Amino acid sequence: MERSTIVRVHDGLHARPATRFVKLAKGFESDIELIKADKSVSAKSSVKLMLLGVKENETVTVRARGADEIEAIEALIGYLEDPHAGTAEEEGAETASVEAASVRPKAFSANSNASASGKLRGVAASEGFAIGPAFGFFPGEIRHEDRLLAADEIPAETSRLTQAFATVQHRMDMSLAATDLAESDRGIIAALKDIACDDELTQAAEALVREGMDAISAVIGATSRIAADFASMDDPYLNARADDVNAVGRQICLALLGQDDANLDAIPSGSILIADDIGAWDLARAPLKRIAGVICGHGGATSHVAIIARAHGIPAVLGLGHSVQELQQVKSVALDGNNGDVFPDPDQVTIDRFHVQIGVAETERQALKAYKDIVPKRADGTIIEIAANLGSLEEIEAAQEAGAMGVGLFRTELLFMRHIHLPSEDLQTETYTTLAKAFAPYPVIVRTLDIGGDKPISGIDFPDEENPFLGWRGIRMCLDRPDVFKPQLRALLRAAVHGNIKVMLPMVSDLGEVRATRSLIDECAAELKAEGRDYANFDLGVMVETPAAVMIAPMLAKEVAFFSIGTNDLTQYIMAADRLNPTVAKLNDVTHPAVMTAIELTAKAGVEAGIMVGMCGEAAGRADLIPAFVKMGLTELSMSPASIQRAKKCVLELGQMGNQEGE
């Protein structure tokens, strides 16, 4: 049985999307192939699948033979027609290569990174300043044994190779089982394990051994060939997999030699890690709290090493090329992760400058911790809630640690985008309940599904639109799809029993949208009551982000319990400038008089109506703008957790200043 379709997976079957497709295929007994043009490959091999080079909008055919072929075809075609089958976390990881130690010799170009002053320049991959003793990490290169096997040696060598693959897979499983492994690091190690388990690699190496090649040479040969195939492709996502394959190959060779790779267990606290091509496998398992900075010859700002460094707050400069070899003998080094500068054995002037920069940053960070539990107030005693913008339950801990006074924006898109099918009402209820309980008694504002053609999800067929930012999105789509909207509203009503849930509607531009939503909420409440389910009513508000909402704000204020100003979209709509277009980036300025006037008009309408007015755009965390927003009458500001303590400090100082002026 076979069926053709057009691939809608974003950027095609690269990296994690290919892995998910393979995992789905392996869930069926049938033999399954994916066919593109005149080439077909097994749908149960991620390496073969990626090397097929399937791009978005290309036509492919899925062919299945077996007892469950109908179910297999339906599931796999459904996946291919889903433009956002991968989770947001995966998409973050799949755009980055695993910067891992290679089993092949590296070819370097002439050093072009050294300046006349001795300063080296690389890629600024993780911000911050660091200075400390150099810790070189240059594990030995694994070379071909070039040993020809006798016929009677082949079975034992094949068995040794099989055991090496099993050893590496077990080591990765052990790392994935560790309870202290960060989720971002876990995803990177999982990506390496996918390669280690792939039949394309294992069978290629086994075939070379059966031809009489020793196991180490076979692994190097197999991984080099597969990596070269990836490196030759014209897709940056697929190019990045070359390093993944080489990283796994190195681990298999070490297992064949009965060795563990050189590790970072002995790195002294406060050291700067210097490596030619540090493996994500090595870095994810390292004592990261001891590492003050990372310098690497390979990699860039989107590499997995960069992702790990940023996740753990470690300054990093990558991509130094051959220049990194000059650092093997240095005793100390300073690095500027903001600009990509590296200073080998820095002079006293540089040392003093770095200590000042590090001290200023650390002093500010420590001083702000004092504001974690502060409840900031205006001079008249009105509490200004400093809340967090979140997109998943995994972000709760960071918000709590920062001292968030609830959640001013919970984006529900990720909950929908991370599943192949629309999330059930029960799953949504569980998610919103967990959120509400985590921040009770503080309010949690949940934004209803805000998606459109620019970020579609499975289960909703979006039309092709010239400008999806002005199209069928947000509340417009939800009201047209009650089969999608009502389960979310029912889940929110059920979760409201467990905490202070508030609900916010995105992209509102007409009073009718609010009234239609309220009718649906009443309908959902009646259904839940008839079913004997517990539920509670919630405050309904709107996200003010369209010029229309600003212009009718006085009328909207009579219909809802609160406003939340979304400055990101409001700015682009007021300025008629796409915020994703770099050529008009200068127009996306929230401080433009037109935007500030729109914010002020919205605040005025809300204050006069006696409803809460908040803000959940990036501008809410700007210390230079907070005084103006508070003066306008905003009483809630929601931002990324990293900005919360600074915002609390700013509001507190405003209140103290106002009290002094009133005395």
# chains A, B, ... in the order shown; residues from 1 in each chain; ligands from 1
$ select_by_dssp --residues "region 405-596 of chain A" --states "strand (DSSP E)" --output "number ranges by chain"
A: 407-411, 443-447, 500-505, 539-544, 562-565
$ write_last_selection --atoms "N, CA and C atoms" --output "compact mmCIF listing (two decimals), in the first residue's frame"
# COMPACT_ATOMS: atom_id res chain seq x y z
N VAL A 407 1.87 34.77 37.03
CA VAL A 407 2.18 34.68 35.60
C VAL A 407 1.29 35.68 34.87
N GLY A 408 1.93 36.60 34.15
CA GLY A 408 1.17 37.60 33.40
C GLY A 408 0.86 37.18 31.99
N LEU A 409 1.55 36.12 31.54
CA LEU A 409 1.29 35.58 30.20
C LEU A 409 1.76 34.14 30.16
N PHE A 410 0.83 33.22 30.03
CA PHE A 410 1.17 31.83 29.76
C PHE A 410 0.75 31.54 28.34
N ARG A 411 1.73 31.31 27.49
CA ARG A 411 1.46 31.05 26.08
C ARG A 411 1.08 29.58 25.93
N PRO A 443 -2.18 35.49 40.72
CA PRO A 443 -2.93 35.18 39.50
C PRO A 443 -2.05 34.58 38.41
N VAL A 444 -2.66 33.75 37.60
CA VAL A 444 -2.01 33.18 36.43
C VAL A 444 -2.88 33.53 35.24
N ILE A 445 -2.35 34.35 34.34
CA ILE A 445 -3.11 34.76 33.15
C ILE A 445 -2.74 33.84 31.99
N VAL A 446 -3.70 33.07 31.54
CA VAL A 446 -3.49 32.13 30.44
C VAL A 446 -4.04 32.75 29.16
N ARG A 447 -3.18 32.87 28.17
CA ARG A 447 -3.65 33.38 26.88
C ARG A 447 -4.20 32.22 26.07
N ASN A 500 -5.85 30.83 41.03
CA ASN A 500 -6.35 32.12 40.54
C ASN A 500 -6.11 32.23 39.03
N ILE A 501 -6.89 31.50 38.27
CA ILE A 501 -6.77 31.50 36.81
C ILE A 501 -7.52 32.71 36.23
N LYS A 502 -6.85 33.41 35.32
CA LYS A 502 -7.49 34.43 34.51
C LYS A 502 -7.23 34.08 33.05
N VAL A 503 -8.12 34.49 32.18
CA VAL A 503 -8.01 34.10 30.77
C VAL A 503 -7.98 35.34 29.90
N MET A 504 -7.05 35.33 28.94
CA MET A 504 -6.83 36.49 28.08
C MET A 504 -7.00 36.10 26.61
N LEU A 505 -7.70 36.91 25.86
CA LEU A 505 -7.96 36.65 24.44
C LEU A 505 -6.98 37.44 23.57
N ASP A 539 -11.84 35.40 35.56
CA ASP A 539 -11.87 36.73 34.94
C ASP A 539 -11.48 36.61 33.48
N LEU A 540 -12.17 37.32 32.63
CA LEU A 540 -11.87 37.33 31.20
C LEU A 540 -11.31 38.69 30.81
N GLY A 541 -10.16 38.69 30.15
CA GLY A 541 -9.53 39.93 29.71
C GLY A 541 -9.10 39.84 28.27
N VAL A 542 -8.55 40.92 27.76
CA VAL A 542 -8.07 40.93 26.38
C VAL A 542 -6.64 41.42 26.32
N MET A 543 -5.93 40.90 25.35
CA MET A 543 -4.58 41.37 25.05
C MET A 543 -4.72 42.51 24.05
N VAL A 544 -4.29 43.67 24.44
CA VAL A 544 -4.39 44.84 23.56
C VAL A 544 -3.15 44.89 22.70
N PHE A 562 -9.91 42.88 32.62
CA PHE A 562 -8.55 43.45 32.60
C PHE A 562 -8.05 43.60 31.17
N PHE A 563 -7.04 44.45 31.04
CA PHE A 563 -6.28 44.62 29.80
C PHE A 563 -4.86 44.13 30.05
N SER A 564 -4.24 43.56 29.04
CA SER A 564 -2.80 43.30 29.07
C SER A 564 -2.25 43.75 27.73
N ILE A 565 -1.35 44.71 27.77
CA ILE A 565 -0.83 45.32 26.54
C ILE A 565 0.33 44.48 26.01
$ residues_around --residues "Ser217 (chain A)" --least-positions-apart "2" --cutoff "7 Å" --atoms "only C-alpha atoms" --output "PDB file with N, CA, C and O atoms, in the first residue's frame"
ATOM      1  N   HIS A 144      43.323   5.154  12.232  1.00  0.00           N
ATOM      2  CA  HIS A 144      43.082   3.845  11.629  1.00  0.00           C
ATOM      3  C   HIS A 144      44.143   2.858  12.101  1.00  0.00           C
ATOM      4  O   HIS A 144      45.331   3.200  12.186  1.00  0.00           O
ATOM      5  N   GLU A 145      43.720   1.629  12.358  1.00  0.00           N
ATOM      6  CA  GLU A 145      44.713   0.582  12.613  1.00  0.00           C
ATOM      7  C   GLU A 145      45.200  -0.013  11.292  1.00  0.00           C
ATOM      8  O   GLU A 145      46.301  -0.548  11.212  1.00  0.00           O
ATOM      9  N   ASP A 146      44.340   0.081  10.267  1.00  0.00           N
ATOM     10  CA  ASP A 146      44.667  -0.449   8.935  1.00  0.00           C
ATOM     11  C   ASP A 146      45.151  -1.898   9.014  1.00  0.00           C
ATOM     12  O   ASP A 146      46.168  -2.279   8.423  1.00  0.00           O
ATOM     13  N   MET A 213      38.125  -5.673   7.365  1.00  0.00           N
ATOM     14  CA  MET A 213      38.720  -4.481   7.968  1.00  0.00           C
ATOM     15  C   MET A 213      38.601  -4.560   9.487  1.00  0.00           C
ATOM     16  O   MET A 213      37.592  -5.035  10.017  1.00  0.00           O
ATOM     17  N   ASP A 214      39.624  -4.103  10.201  1.00  0.00           N
ATOM     18  CA  ASP A 214      39.553  -4.095  11.657  1.00  0.00           C
ATOM     19  C   ASP A 214      38.443  -3.151  12.118  1.00  0.00           C
ATOM     20  O   ASP A 214      38.045  -2.221  11.405  1.00  0.00           O
ATOM     21  N   ALA A 215      37.930  -3.370  13.326  1.00  0.00           N
ATOM     22  CA  ALA A 215      36.742  -2.661  13.798  1.00  0.00           C
ATOM     23  C   ALA A 215      36.955  -1.154  13.903  1.00  0.00           C
ATOM     24  O   ALA A 215      36.068  -0.374  13.538  1.00  0.00           O
ATOM     25  N   VAL A 219      34.829   1.590  11.837  1.00  0.00           N
ATOM     26  CA  VAL A 219      34.013   2.652  12.425  1.00  0.00           C
ATOM     27  C   VAL A 219      34.408   4.006  11.853  1.00  0.00           C
ATOM     28  O   VAL A 219      33.549   4.826  11.489  1.00  0.00           O
ATOM     29  N   ILE A 220      35.718   4.239  11.761  1.00  0.00           N
ATOM     30  CA  ILE A 220      36.176   5.511  11.195  1.00  0.00           C
ATOM     31  C   ILE A 220      35.722   5.637   9.744  1.00  0.00           C
ATOM     32  O   ILE A 220      35.244   6.692   9.302  1.00  0.00           O
ATOM     33  N   GLY A 221      35.826   4.557   9.000  1.00  0.00           N
ATOM     34  CA  GLY A 221      35.410   4.595   7.602  1.00  0.00           C
ATOM     35  C   GLY A 221      33.917   4.837   7.457  1.00  0.00           C
ATOM     36  O   GLY A 221      33.483   5.661   6.637  1.00  0.00           O
TER      37      GLY A 221
END
$ atom_distance --atom1 "CA of Val584 (chain A)" --atom2 "CA of Ala598 (chain A)"
20.1 Å
$ closest_residue --among "A:Leu161, A:Ala231, A:Leu254, A:Ile314" --to "Gln203 (chain A)" --atoms "only C-alpha atoms"
A:Leu161
$ atom_distance --atom1 "CA of Leu34 (chain A)" --atom2 "CA of Ile70 (chain A)"
14.9 Å
$ closest_residue --among "A:Ser392, A:Asn537, A:Thr517, A:Thr382" --to "Glu636 (chain A)" --atoms "only C-alpha atoms"
A:Thr382
$ closest_residue --among "A:Ala402, A:Ile574, A:Gln656, A:Glu58" --to "Pro376 (chain A)" --atoms "only C-alpha atoms"
A:Gln656
$ atom_distance --atom1 "CA of Gly512 (chain A)" --atom2 "CA of Pro554 (chain A)"
14.6 Å
$ residues_around --residues "region 396-401 of chain A" --least-positions-apart "4" --cutoff "9 Å" --atoms "only C-alpha atoms" --output "MDAnalysis selection string"
chainID A and resid 372 387:390 392 405:407 435 438:439 640:642 644
$ closest_residue --among "A:Cys197, A:Val317, A:Ala227, A:Val342" --to "Gly118 (chain A)" --atoms "only C-alpha atoms"
A:Val342
